[in-house]
Amino acid sequence: MTSLDQMSGGRATGESEASSETLRPVPYRGGGFRPVPIRLIGPLVFLAIIALWEAGSRSGVISNLVLPAPSEAFEAFSYLVESGQLWRHLSASLQRLVIGWTLGTALGIAVGLGIGLFSLARAGLLPLVSALFPIPKIALLPLFVIWFGIGEGSKVATILFGSFFPTVIATYGGVDNVDRTLVRMGQSFGLSWWSIVRKIILPGAMPAILSGCRISASIGIILLVAAEMIGAEYGVGAYILMAGSLFATDQLLAGVAILSVLGLIVSWLIGRLERWLLAWRG
Amino acid sequence: MTSLDQMSGGRATGESEASSETLRPVPYRGGGFRPVPIRLIGPLVFLAIIALWEAGSRSGVISNLVLPAPSEAFEAFSYLVESGQLWRHLSASLQRLVIGWTLGTALGIAVGLGIGLFSLARAGLLPLVSALFPIPKIALLPLFVIWFGIGEGSKVATILFGSFFPTVIATYGGVDNVDRTLVRMGQSFGLSWWSIVRKIILPGAMPAILSGCRISASIGIILLVAAEMIGAEYGVGAYILMAGSLFATDQLLAGVAILSVLGLIVSWLIGRLERWLLAWRG
Amino acid sequence: MDLLLRGITHRYGATEVLSGIDLAVSEGEIVCIIGPSGCGKSTLLRFIGGLERPDEGEVLLSGPVPSGSLNPLTYVFQDFALLPWRSVEANVSLVLEDHPLSAAEREEIVADVLERTGLSDFRKALPRQLSGGMKQRVAIARALSVRPAVMLMDEPLSALDSQTRELLMDDLVALWQRERFTACYVTHNLAEAVRLGHRIVVLSRRPGRIRTIVEIDRDLGAREAGDPKLDAVQRELWQLLRDEARAADREIADDVA
Amino acid sequence: MDLLLRGITHRYGATEVLSGIDLAVSEGEIVCIIGPSGCGKSTLLRFIGGLERPDEGEVLLSGPVPSGSLNPLTYVFQDFALLPWRSVEANVSLVLEDHPLSAAEREEIVADVLERTGLSDFRKALPRQLSGGMKQRVAIARALSVRPAVMLMDEPLSALDSQTRELLMDDLVALWQRERFTACYVTHNLAEAVRLGHRIVVLSRRPGRIRTIVEIDRDLGAREAGDPKLDAVQRELWQLLRDEARAADREIADDVA
Amino acid sequence: ATAFAADKITVGALRFTSHAPSFIAFERGYFADEGLEVSFEFFQAAQPMAVAIASGDVDFGITAISGGLINLAEKGAIKVVGGALQEEPGVDGQMILVSKAAFDAGLTSPAGLKGKSFGITQTGSSFHYIAHKIADKEGFDRSEITLRPLQKVGAIIGALKTAQIDAWAIVPHIAKPLAAGPEIESIGMVADYIPDYQVTTVFTSTANTKDKPDLVKRFLAAFSKGAADFNAALIDKTTTDEDAEALVQLLHKYVYNDQPYEKAAPSIRNGAMRVNEGAKLNMTSIADQLDWFKSEKLVPETVTMELLVDPSFVETN
Ligand SMILES: Nc1ncnc2c1ncn2[C@@H]1O[C@H](COP(=O)(O)OP(=O)(O)OP(=O)(O)O)[C@@H](O)[C@H]1O
Ligand SMILES: Nc1ncnc2c1ncn2[C@@H]1O[C@H](COP(=O)(O)OP(=O)(O)OP(=O)(O)O)[C@@H](O)[C@H]1O
Ligand SMILES: [Mg+2]
Ligand SMILES: [Mg+2]
């Protein structure tokens, strides 16, 4: 009954204002709200911060105790490179990272798929995963030593556990978000269950799985320090811990910078993987 | 030129098969791929695991060294409650958590909004955030001690830093994802810049901000252990560390369970907050 | 192959969606199903395709399945349902991969349907590179590749802009004239229904019941815009539907938490 | 208040989108702009509303702004652009909040436009609870609340199903008969154009140029489905557009990485 | 005895002078003489060493008696089998340190520790024990000394230097250079509060004591020879200077090896404390420590000396 045709008085009766009869352009009111990349600013900010910091350290404004000068950290890093220790630490850490992360991610994807696909797995495992996820791995270190020994076992296990849970969550979330009409399409064409999982569910969940990988990789890197708390002679984490216990802040910063760069490299690699696997998103 | 009308031979010439002329129902091929909640399975799985574990511990299959019986962990917990220590530990940790997380989240939202709205902030700060995010806070503890002392300062700072970065990332991602037609709509009605930010951008980014909060809260809880490594007499993390150093695995498990429950409660609270703030999503 | 619906009734939770639908679709016939929003058209089509089972009643097939038909009941969806990560040809080939065909046979079928739908130039394109109209053409090519006996089309044109819709309607008419396929065609659009339907089934508001069935005996190829007879049918249908459409429009969704 | 477009030309990167558009829209007139996909219709409308600036040419206003108009150039968007977290009344009130009005005045304006659009019963509803048609009615109510001099409508009906579209077209006609608003109405749909336009501007494919302007002097209220004159205009427009529509449809999007 | 089939064992060690006997026994072939093929596993802290013995990763370890060690003994995983470092009158022992600020504010003797903060690594560590023993002897309540767990020795040093904690106690090779610096003062000796303090002990897995008592004996024999060399050269100073120098050089392979020898040598010499002859075990001191752990509820009441110690391998008193 009511409809637009009941409208009236929508426009005020046209008492013409003081405005002129001349032509005037429409006022511009668009633009903004879309940050554009500005080149060079990023590196410049980095350089500026480091320069200021160095200047502060040299002039004594920043006490050496509070923060070593960047040049000192860089010296510590150079020493690491020259003495060949860098590679030793890095290779030990990378090995743990790769093994732990690969296993954790693979298991996580498998369990995540199970939770995403089967009611029983979801009902049984999801509460378990939710309860275990927030446990800090560092708290479990003493038990890990008993369970997996002081060798590589406990270190790999720490990273494995750390990357397992976020991958599970990301994967099952990804499976849940796969467009159900695509699944119904597959069924309507008589595709087998396994075909649907392989050709529709898995690629559809891939964006979420990859962003889970991104998270689990950075968690893995963060856990390196915790993992190498136990009986590690070599490893970036062990190096940082040693530097910390000696209050060798220059070495500490060098180690932290190595981890940070490692994080950026891994994230860049996953970005490449995404661009390749998700090229269809354009 | 080419179009559907060029089709031919789409259907094979109808040689009738062996099939009968009688009526037959269409084959069912739908269903599945939508896990349904099964009640009681979750608690049952928990109970079953705990019962098995207890039985294993009692019978000696699981050595006490490897894992204490759940009943022992529960006893340790009861002792905590009876002795009134629980509240002491919890209140110390909660205070650190609340202060650190609130500050970290507030700062994170502010910086995230800046990065989301201003080209300059994005170009300057984003690389910085990306580089600092993957640094394990635990590695910086020695520096935090120098900067913030061994009192509450360093503990709050650890949690603050831990929750700051994920909030920044979530917030700017949320701002980026706000539907730009809504922003254009605001502009087309002559809304002020500040109105658009407050009434369109912020509520639009709220789902992302809240899920960032969820992440930063669990990171905060995980960081409790690291934060309380230094000079904490009370606190759940300190309790866990003490149990670890005494190899009192029953207390260790009790402490870990407390953190896990704390994590679940916080996540439930944020869930409530989401339901309330995002009621419009239905 | 004919389709027979007997006493289809269905409830979702407390709301009855369909009630006592009886319908027969015979070979070579396009039956259009129209009705206001939410009256259960899509649900009915899901029952026909065996993707869901009604609470009561049954969907029956009679007559032999045409030999060579890989998937007798084949859908064309409103939103195309193309896999965004597969190219045009891979999207078509998807539905052949589970059938016992050699790679060469499959290749041949794909090439054939793409040729017939004028998509040969687009073989390698990804869905996101295509306009809506081309996407729906790919979906139609995919449906044709399994040699369906009955096509189940759920608002196949309503995600397209109206000019593309016109183009595709012409294509569908031409296709039917060659292939004489059987189809259940669900739509909101009365112009589409009078253009494509041999019979038009009008459903009532929820719970959907058959209000009337309009037969249009003019040949599909001879139907033109501005034909007074068709205009009259369309106006008549609109009279039937108008109030219900308005009521459906003004319905407020339950607050599902 | 009249609108005047002079020599509008625009490029996005290397692709020219609009080229030399000259157009005048006078008060009380509905000008429909039609053209194939991607020919720059929405871009042109953004220029008119001052949301973007053309590379060349200018959009000018002449004549006094009607007194009491809070936002002379007001959009109605294809996808409604309602804030999903605000109720119907709060969505309308949003666009008044930045103007110097007392709470009571605002309240009164909101109540008035909701009343006039038949939305009073839906004041407290959230957008997700409404059908598409009702959402667009809310968007129209919002536009009316700022007393626009010119309404800029970008395919306001094309996100709606065809029955709802019919209902809303009737409503728009009735609205115009009362209010005689000025409008630039972009659409793909030729039926809408011949139903609502006093003049129909036909754009060519990208870069969009004005190919022709068709004037329809039949009164909006007197236009009915099946009117042979309107049918003829519509067929004529379709003849004009058909090939370009097909070409636009078959365009493959550049691979933007 | 040449080793046909030498027993392979892993010995846990810290890079501290207190572990010198093991390094000497290894370098001078005493282990090999006993038919032991030793490999070292180095740790950053003592506590994980106990866990590593429980998990079977390490066979022998030498550390202070900590709560973790006792709890593992209570679980039947490990046993103390000998003594190592002991406080002894006349030999520089552990020193009580305070920050300069606290010192200037009047904290000049351990009696003033009441109401002050004291750095420890972890709850149940030897530092914890020392703090409480000081409180007991000085006659104020244990709870009146605020304990600050800082996990690592390095962190404690930092906190003490910046006066964030008031006091600490530590072995001489760390204490002496600190006390020589401007930020820290020494105010007393631990030996005055805990006489005959058995600071570190030798321990192994319970399985070893039961199944391979012979192996344990051979280890202790070799260890004792190393200890004798160490005491002779650096504590009793009964050897020639060259011999002592040679020993320090030997130890520099393991201790302070990231510093040049000139810098490391004094630290090594400073850190020398007596290691018990024949790995003799002071049961009185151990019983006292156990009682303290129990009284602080850091270990269960049920732990007995029998659970903790297997006295069958060495002389005890
Ligand atoms: N899986 C489901 N569970 C619960 N309710 C459903 C489900 N599917 C559909 N419905 C409800 O059943 C009714 C009919 O839905 P259906 O999609 O069949 O209608 P429709 O006629 O296709 O509508 P439209 O014209 O909008 O496409 C609607 O009210 C819908 O909300
Ligand atoms: N912000 C932009 N940056 C770059 N290219 C743009 C932008 N906006 C539009 N374009 C391009 O300009 C052309 C015209 O776009 P516009 O949206 O105006 O067309 P349209 O006529 O409204 O199309 P449709 O009928 O599909 O709505 C298109 O090719 C589009 O891809
Ligand atoms: Mg439907
Ligand atoms: Mg457009």
# chains A, B, ... in the order shown; residues from 1 in each chain; ligands from 1
$ interface_residues --of "chain B" --to "chain E" --cutoff "6 Å" --atoms "only C-alpha atoms" --output "compact mmCIF listing (two decimals) with N, CA and C atoms, in the first residue's frame"
# COMPACT_ATOMS: atom_id res chain seq x y z
N ILE B 230 61.29 -12.94 34.75
CA ILE B 230 62.21 -12.05 35.42
C ILE B 230 61.59 -11.41 36.63
N GLY B 231 62.11 -11.80 37.76
CA GLY B 231 61.79 -11.11 39.00
C GLY B 231 60.35 -11.16 39.42
N MET B 242 58.51 -21.94 38.18
CA MET B 242 59.00 -22.55 39.41
C MET B 242 58.79 -24.06 39.35
N SER B 245 61.33 -25.58 37.16
CA SER B 245 62.69 -25.66 37.68
C SER B 245 62.78 -26.68 38.80
N LEU B 246 61.67 -26.92 39.47
CA LEU B 246 61.66 -27.96 40.50
C LEU B 246 61.34 -29.31 39.90
N PHE B 247 61.06 -29.31 38.62
CA PHE B 247 60.54 -30.50 37.95
C PHE B 247 59.35 -31.07 38.70
$ select_by_dssp --residues "stretch 86-193 of chain C" --states "strand (DSSP E or B)" --output "ChimeraX atom specification"
/C:150-154,182-186
$ residues_near_ligand --ligand "ligand 2" --cutoff "6 Å" --atoms "only C-alpha atoms and all ligand atoms" --output "JSON list (two decimals) with N, CA, C and O atoms, in the first residue's frame"
[["chain", "number", "residue", "atom", "x", "y", "z"],
["D", 12, "TYR", "N", 42.10, 6.18, -17.81],
["D", 12, "TYR", "CA", 42.69, 5.48, -16.66],
["D", 12, "TYR", "C", 43.95, 4.83, -17.16],
["D", 12, "TYR", "O", 43.87, 3.87, -17.93],
["D", 17, "VAL", "N", 38.70, 6.17, -21.40],
["D", 17, "VAL", "CA", 37.41, 5.66, -20.95],
["D", 17, "VAL", "C", 36.26, 6.50, -21.50],
["D", 17, "VAL", "O", 35.25, 5.98, -21.95],
["D", 37, "SER", "N", 28.69, -2.63, -21.33],
["D", 37, "SER", "CA", 29.54, -2.76, -20.14],
["D", 37, "SER", "C", 30.88, -2.07, -20.32],
["D", 37, "SER", "O", 31.50, -2.20, -21.38],
["D", 38, "GLY", "N", 31.30, -1.37, -19.30],
["D", 38, "GLY", "CA", 32.66, -0.82, -19.31],
["D", 38, "GLY", "C", 32.82, 0.40, -20.19],
["D", 38, "GLY", "O", 33.95, 0.81, -20.47],
["D", 39, "CYS", "N", 31.71, 1.03, -20.61],
["D", 39, "CYS", "CA", 31.86, 2.17, -21.52],
["D", 39, "CYS", "C", 32.06, 3.47, -20.75],
["D", 39, "CYS", "O", 32.23, 4.52, -21.36],
["D", 40, "GLY", "N", 32.01, 3.41, -19.43],
["D", 40, "GLY", "CA", 32.32, 4.61, -18.66],
["D", 40, "GLY", "C", 31.11, 5.30, -18.06],
["D", 40, "GLY", "O", 31.20, 6.45, -17.63],
["D", 41, "LYS", "N", 30.00, 4.61, -17.97],
["D", 41, "LYS", "CA", 28.79, 5.23, -17.43],
["D", 41, "LYS", "C", 28.97, 5.62, -15.97],
["D", 41, "LYS", "O", 28.67, 6.75, -15.57],
["D", 42, "SER", "N", 29.48, 4.66, -15.19],
["D", 42, "SER", "CA", 29.65, 4.96, -13.76],
["D", 42, "SER", "C", 30.69, 6.05, -13.57],
["D", 42, "SER", "O", 30.54, 6.91, -12.69],
["D", 43, "THR", "N", 31.73, 6.01, -14.38],
["D", 43, "THR", "CA", 32.77, 7.04, -14.29],
["D", 43, "THR", "C", 32.16, 8.42, -14.55],
["D", 43, "THR", "O", 32.41, 9.37, -13.81]]
$ residues_around --residues "stretch 147-156 of chain B" --least-positions-apart "2" --cutoff "7 Å" --atoms "only C-alpha atoms" --output "number ranges by chain"
A: 66; B: 96, 99-100, 143-145, 158-160, 227-228, 230-231; E: 164
$ residues_around --residues "stretch 149-156 of chain C" --least-positions-apart "2" --cutoff "8 Å" --atoms "only C-alpha atoms" --output "JSON, numbers by chain"
{"B": [11], "C": [1, 42, 45, 49, 65, 66, 69, 71, 72, 73, 74, 75, 76, 77, 78, 79, 80, 136, 143, 147, 158, 159, 181, 182, 183, 184, 185, 186, 187, 188]}
$ interface_residues --of "chain D" --to "chain C" --cutoff "7 Å" --atoms "only C-alpha atoms" --output "number ranges by chain"
D: 129-131, 133-134, 161-164, 188-189, 226, 231, 245, 249-250, 252-254
$ write_last_selection --atoms "all heavy atoms" --output "short mmCIF file (atom, residue, chain, number, x, y, z; two decimals), in the first residue's frame"
data_model
loop_
_atom_site.label_atom_id
_atom_site.label_comp_id
_atom_site.auth_asym_id
_atom_site.auth_seq_id
_atom_site.Cartn_x
_atom_site.Cartn_y
_atom_site.Cartn_z
N GLN D 129 18.17 -7.75 7.35
CA GLN D 129 16.85 -8.34 7.50
C GLN D 129 15.92 -7.98 6.35
O GLN D 129 14.82 -8.49 6.27
CB GLN D 129 16.22 -7.87 8.82
CG GLN D 129 17.03 -8.25 10.05
CD GLN D 129 16.42 -7.69 11.32
OE1 GLN D 129 16.47 -6.50 11.56
NE2 GLN D 129 15.85 -8.57 12.12
N LEU D 130 16.37 -7.08 5.49
CA LEU D 130 15.49 -6.57 4.44
C LEU D 130 15.77 -7.23 3.10
O LEU D 130 16.90 -7.62 2.81
CB LEU D 130 15.70 -5.06 4.29
CG LEU D 130 15.43 -4.21 5.52
CD1 LEU D 130 15.68 -2.74 5.19
CD2 LEU D 130 14.00 -4.40 6.01
N SER D 131 14.76 -7.32 2.28
CA SER D 131 14.94 -7.77 0.90
C SER D 131 15.65 -6.67 0.12
O SER D 131 15.73 -5.51 0.56
CB SER D 131 13.59 -8.05 0.27
OG SER D 131 12.90 -6.83 0.10
N GLY D 133 14.78 -5.07 -2.49
CA GLY D 133 13.89 -3.97 -2.85
C GLY D 133 13.75 -2.99 -1.69
O GLY D 133 13.82 -1.77 -1.88
N MET D 134 13.58 -3.54 -0.50
CA MET D 134 13.42 -2.66 0.66
C MET D 134 14.72 -1.90 0.91
O MET D 134 14.71 -0.73 1.29
CB MET D 134 13.02 -3.46 1.90
CG MET D 134 11.64 -4.06 1.83
SD MET D 134 10.39 -2.92 1.22
CE MET D 134 9.96 -2.07 2.72
N ASP D 161 15.86 -8.52 -8.16
CA ASP D 161 15.26 -9.49 -9.07
C ASP D 161 14.17 -8.80 -9.88
O ASP D 161 13.72 -7.71 -9.55
CB ASP D 161 14.73 -10.70 -8.30
CG ASP D 161 13.52 -10.35 -7.47
OD1 ASP D 161 12.47 -10.03 -8.06
OD2 ASP D 161 13.63 -10.41 -6.24
N SER D 162 13.79 -9.43 -10.97
CA SER D 162 13.01 -8.66 -11.95
C SER D 162 11.63 -8.28 -11.43
O SER D 162 11.08 -7.26 -11.82
CB SER D 162 12.92 -9.43 -13.26
OG SER D 162 11.88 -10.35 -13.21
N GLN D 163 11.06 -9.08 -10.54
CA GLN D 163 9.75 -8.70 -10.02
C GLN D 163 9.87 -7.46 -9.13
O GLN D 163 9.08 -6.52 -9.23
CB GLN D 163 9.12 -9.87 -9.25
CG GLN D 163 8.77 -11.03 -10.19
CD GLN D 163 8.39 -12.28 -9.43
OE1 GLN D 163 7.79 -12.22 -8.38
NE2 GLN D 163 8.75 -13.43 -9.99
N THR D 164 10.87 -7.48 -8.27
CA THR D 164 11.08 -6.31 -7.42
C THR D 164 11.40 -5.09 -8.26
O THR D 164 10.98 -3.97 -7.96
CB THR D 164 12.25 -6.60 -6.46
OG1 THR D 164 12.03 -7.86 -5.85
CG2 THR D 164 12.36 -5.54 -5.40
N HIS D 188 21.71 -0.43 -17.67
CA HIS D 188 21.96 -1.35 -18.77
C HIS D 188 20.67 -1.75 -19.43
O HIS D 188 20.66 -2.32 -20.52
CB HIS D 188 22.49 -2.66 -18.17
CG HIS D 188 23.94 -2.81 -18.29
ND1 HIS D 188 24.75 -2.89 -17.22
CD2 HIS D 188 24.75 -2.87 -19.37
CE1 HIS D 188 26.00 -3.03 -17.61
NE2 HIS D 188 26.01 -3.01 -18.91
N ASN D 189 19.60 -1.51 -18.69
CA ASN D 189 18.34 -2.15 -19.01
C ASN D 189 17.51 -1.22 -19.89
O ASN D 189 17.06 -0.16 -19.45
CB ASN D 189 17.62 -2.44 -17.69
CG ASN D 189 16.42 -3.32 -17.88
OD1 ASN D 189 15.67 -3.14 -18.83
ND2 ASN D 189 16.26 -4.27 -16.98
N GLY D 226 3.84 -2.96 -23.25
CA GLY D 226 3.10 -3.31 -24.46
C GLY D 226 2.74 -2.12 -25.32
O GLY D 226 2.11 -2.27 -26.36
N ASP D 231 7.87 0.06 -27.36
CA ASP D 231 8.49 -1.17 -27.84
C ASP D 231 9.39 -0.88 -29.03
O ASP D 231 10.50 -1.42 -29.14
CB ASP D 231 7.42 -2.19 -28.25
CG ASP D 231 6.90 -2.95 -27.02
OD1 ASP D 231 7.43 -2.71 -25.92
OD2 ASP D 231 5.99 -3.78 -27.19
N ALA D 245 27.26 -4.63 -27.42
CA ALA D 245 27.07 -5.41 -26.20
C ALA D 245 27.78 -6.76 -26.36
O ALA D 245 28.47 -7.22 -25.46
CB ALA D 245 25.59 -5.63 -25.93
N ASP D 249 30.85 -8.07 -24.19
CA ASP D 249 30.71 -9.33 -23.48
C ASP D 249 31.91 -10.23 -23.74
O ASP D 249 32.38 -10.94 -22.85
CB ASP D 249 29.42 -10.00 -23.94
CG ASP D 249 29.05 -11.17 -23.05
OD1 ASP D 249 29.31 -11.08 -21.84
OD2 ASP D 249 28.50 -12.15 -23.57
N ARG D 250 32.39 -10.20 -24.97
CA ARG D 250 33.47 -11.12 -25.34
C ARG D 250 34.86 -10.55 -25.04
O ARG D 250 35.87 -11.13 -25.42
CB ARG D 250 33.38 -11.49 -26.83
CG ARG D 250 32.14 -12.33 -27.14
CD ARG D 250 32.09 -12.71 -28.59
NE ARG D 250 33.18 -13.58 -28.95
CZ ARG D 250 33.18 -14.90 -28.78
NH1 ARG D 250 32.15 -15.48 -28.22
NH2 ARG D 250 34.21 -15.62 -29.15
N ILE D 252 38.12 -9.84 -23.01
CA ILE D 252 38.83 -10.58 -21.99
C ILE D 252 39.59 -9.58 -21.12
O ILE D 252 40.25 -8.68 -21.63
CB ILE D 252 39.74 -11.64 -22.63
CG1 ILE D 252 40.10 -12.71 -21.61
CG2 ILE D 252 40.99 -11.05 -23.22
CD1 ILE D 252 40.50 -14.02 -22.28
N ALA D 253 39.44 -9.74 -19.80
CA ALA D 253 40.07 -8.76 -18.91
C ALA D 253 41.58 -8.93 -18.96
O ALA D 253 42.08 -10.04 -19.00
CB ALA D 253 39.57 -8.94 -17.48
N ASP D 254 42.28 -7.80 -18.97
CA ASP D 254 43.73 -7.87 -18.91
C ASP D 254 44.13 -8.58 -17.64
O ASP D 254 43.48 -8.46 -16.62
CB ASP D 254 44.34 -6.46 -18.85
CG ASP D 254 43.98 -5.68 -20.07
OD1 ASP D 254 43.37 -6.28 -20.99
OD2 ASP D 254 44.27 -4.48 -20.11
#
$ closest_atom_pairs --of "chain D" --to "chain A" --cutoff "6 Å" --atoms "only C-alpha atoms" --output "CSV"
residue,atom,partner,partner_atom,distance
D:Gly50,CA,A:Tyr28,CA,4.4
D:Leu51,CA,A:Gly30,CA,3.9
D:Glu52,CA,A:Gly30,CA,5.7
D:Val59,CA,A:Pro25,CA,5.7
D:Leu60,CA,A:Pro25,CA,4.2
D:Leu61,CA,A:Arg24,CA,5.3
D:Ser62,CA,A:Leu23,CA,4.7
D:Gly63,CA,A:Glu21,CA,4.8
D:Pro64,CA,A:Ser19,CA,5.5
D:Pro66,CA,A:Gly14,CA,5.2
D:Ser67,CA,A:Glu15,CA,5.9
D:Gly68,CA,A:Ala12,CA,5.9
D:Arg116,CA,A:Met7,CA,4.6
D:Thr117,CA,A:Leu4,CA,4.7
D:Gly118,CA,A:Thr2,CA,4.5
D:Arg147,CA,A:Arg11,CA,5.3
D:Asp171,CA,A:Leu4,CA,4.8
D:Ala174,CA,A:Asp5,CA,4.4
D:Leu175,CA,A:Asp5,CA,4.8
D:Ala257,CA,A:Gly282,CA,5.1
$ select_by_dssp --residues "stretch 31-205 of chain B" --states "alpha helix (DSSP H)" --output "MDAnalysis selection string"
chainID B and resid 41:59 70:82 85:117 119:132 137:148 152:177 180:188 193:196 202:205
$ interface_residues --of "chain B" --to "chain A" --cutoff "7 Å" --atoms "only C-alpha atoms" --output "PyMOL selection string"
chain B and resi 29-30+33-38+41-42+45+66+117-119+123-124+127+131-132+134-136+139+142+146-147+187+218+222+225+240-241+244+256+259-260+263-264
$ closest_residue --among "C:Asp22, C:Ala104, C:Gln239, C:Trp85" --to "A:Met206" --atoms "only C-alpha atoms"
C:Trp85
$ residues_around --residues "E:Met49" --least-positions-apart "5" --cutoff "7 Å" --atoms "only C-alpha atoms" --output "count of residues only"
3
$ residues_around --residues "stretch 132-134 of chain E" --least-positions-apart "6" --cutoff "8 Å" --atoms "only C-alpha atoms" --output "PyMOL selection string"
chain E and resi 110+142+145+193-194
$ write_last_selection --atoms "C-alpha atoms" --output "PDB file, in the first residue's frame"
ATOM      1  CA  PRO E 110      74.466  -9.820  56.016  1.00  0.00           C
ATOM      2  CA  ARG E 142      62.813 -16.195  55.845  1.00  0.00           C
ATOM      3  CA  ILE E 145      64.047 -11.476  52.432  1.00  0.00           C
ATOM      4  CA  TYR E 193      76.466 -19.232  57.441  1.00  0.00           C
ATOM      5  CA  ILE E 194      76.567 -22.755  56.024  1.00  0.00           C
TER       6      ILE E 194
END
$ closest_residue --among "D:Ala247, D:Ile34, D:Leu172, D:Val138" --to "ligand 4" --atoms "only C-alpha atoms and all ligand atoms"
D:Ile34
